[in-house]
Amino acid sequence: MPGFDEVAVGDALPAVEQRIEQADLVRYAGASGDFNPLHWEPEFAAKVSPTGGVIAHGMLNMGLVSRVVTAWAGGPERVRSLSASFRAPCPVGSTVTIGGEVVDKDDRARTAILQVWVTLPDGAKVINRRSSRAVVQLD
Amino acid sequence: MREYAVATGVEDPAYTADSAEIPSNELIAPPTFAACFTVGRTDLFDDPELGAHTNLVHGNQSYELHQPIRVGSTLVCSPQVTDIVDRGRMELLTLQIDCADEATGEPVVTSRGTMIFFNAPEEAD
């Protein structure tokens, strides 16, 4: 985990790529209790999905961001807040890139403020960085 | 909590280790774990007067963590509708849910989230 004085505005978190399969959505539905059929039933998704097909839970993508930020921060107790703005749908089978960048520091609170995001290979913003943030407590 | 950690790709051995090695009561929840009781297993939308339905997507979500969520604690969660916006084809419902430790009364996590409900064309204003 980085110390407060070692962190600079502009520092990037190591980007993580991950393919999201139907099994991941089923596992997330079971763990979180979010059984909206949009995330597992193709017939239902065909009627209501913006893509016409099954898409990932927004909260699964936010959970992936949480995992990446927590790993950088050095533990879940260091994450003070996390916000996500869900923009583009994330079709099942997509490979997403999860990223973050330090955009500000609070000297008094000794926190780093990060923009965080999830993108698809075509650049579509699943979690839009401009309106998605993490605040991390550092030593 | 272990299932949620695995489902979101957490590789921290604290969650994947044998529970005999790392007792569950020493675990701290992943920062977005509150999704399980503020987004997932929620009956908040069951009130028929609310007019909610399953044709919805999540617009945005935030968690403010006042202290870690620990195994064994009981949280009292107080939901409040903070905004409703009618855009005809879609309606935006924003909820704030304040979760406090039942034993101490101290705030643990504040959830704020907006759900977007899509209305069928014949139902739209």
# chains A, B, ... in the order shown; residues from 1 in each chain; ligands from 1

$ residues_around --residues "stretch 47-60 of chain A" --least-positions-apart "3" --cutoff "7 Å" --atoms "only C-alpha atoms" --output "ChimeraX atom specification"
/A:25,28,38-44,63-64,86,89-92 /B:8,55,58

$ closest_residue --among "B:Pro23, B:Gly72, B:Gly9, B:Gly88" --to "A:Arg19" --atoms "only C-alpha atoms"
B:Gly9

$ interface_residues --of "chain B" --to "chain A" --cutoff "8 Å" --atoms "only C-alpha atoms" --output "VMD selection string"
chain B and resid 3 to 4 7 to 10 28 to 32 35 to 37 39 to 41 54 to 55 58 to 68

$ residues_around --residues "B:Val71" --least-positions-apart "5" --cutoff "9 Å" --atoms "only C-alpha atoms" --output "PyMOL selection string"
chain B and resi 1+24-29

$ select_by_dssp --residues "chain B" --states "strand (DSSP E)" --output "PyMOL selection string"
chain B and resi 56-65+75-86+90-101+107-118

$ residues_around --residues "A:Ile113" --least-positions-apart "5" --cutoff "9 Å" --atoms "only C-alpha atoms" --output "PyMOL selection string"
chain A and resi 9+101-106+133-136

$ write_last_selection --atoms "C-alpha atoms" --output "PDB file, in the first residue's frame"
ATOM      1  CA  VAL A   9      -1.893  13.378  -8.348  1.00  0.00           C
ATOM      2  CA  GLU A 101      -6.245   7.469 -11.113  1.00  0.00           C
ATOM      3  CA  VAL A 102      -5.409   9.784  -8.225  1.00  0.00           C
ATOM      4  CA  VAL A 103      -6.968  13.168  -9.032  1.00  0.00           C
ATOM      5  CA  ASP A 104      -6.639  14.952  -5.682  1.00  0.00           C
ATOM      6  CA  LYS A 105      -5.211  14.672  -2.178  1.00  0.00           C
ATOM      7  CA  ASP A 106      -6.557  15.962   1.115  1.00  0.00           C
ATOM      8  CA  ARG A 133     -14.851   8.306  -7.281  1.00  0.00           C
ATOM      9  CA  ALA A 134     -13.090   6.587  -4.448  1.00  0.00           C
ATOM     10  CA  VAL A 135     -11.691   8.178  -1.306  1.00  0.00           C
ATOM     11  CA  VAL A 136      -8.864   6.194   0.285  1.00  0.00           C
TER      12      VAL A 136
END

$ select_by_dssp --residues "chain A" --states "helix (DSSP H, G or I)" --output "PyMOL selection string"
chain A and resi 4-6+22-32+37-39+42-48+58-73+76-78+129-131

$ residues_around --residues "A:Thr97" --least-positions-apart "6" --cutoff "6 Å" --atoms "only C-alpha atoms" --output "CSV table (one decimal) with C-alpha atoms, in the first residue's frame"
chain,number,residue,atom,x,y,z
A,16,VAL,CA,-7.0,-5.0,-14.6
A,17,GLU,CA,-8.7,-6.8,-17.5
A,118,VAL,CA,-14.8,0.4,-16.2
A,119,THR,CA,-14.5,0.4,-20.0

$ atom_distance --atom1 "atom CA of A:Ala8" --atom2 "atom CA of A:Arg108"
15.3 Å

$ closest_residue --among "B:Asp18, B:Glu106, B:Cys99, B:Phe118" --to "B:Asp86" --atoms "only C-alpha atoms"
B:Phe118

$ closest_residue --among "B:Glu11, B:Asp101, B:Phe33, B:Thr110" --to "B:Ser73" --atoms "only C-alpha atoms"
B:Asp101

$ closest_residue --among "B:Leu93, B:Val6, B:Leu56, B:Ala100" --to "B:Cys77" --atoms "only C-alpha atoms"
B:Ala100
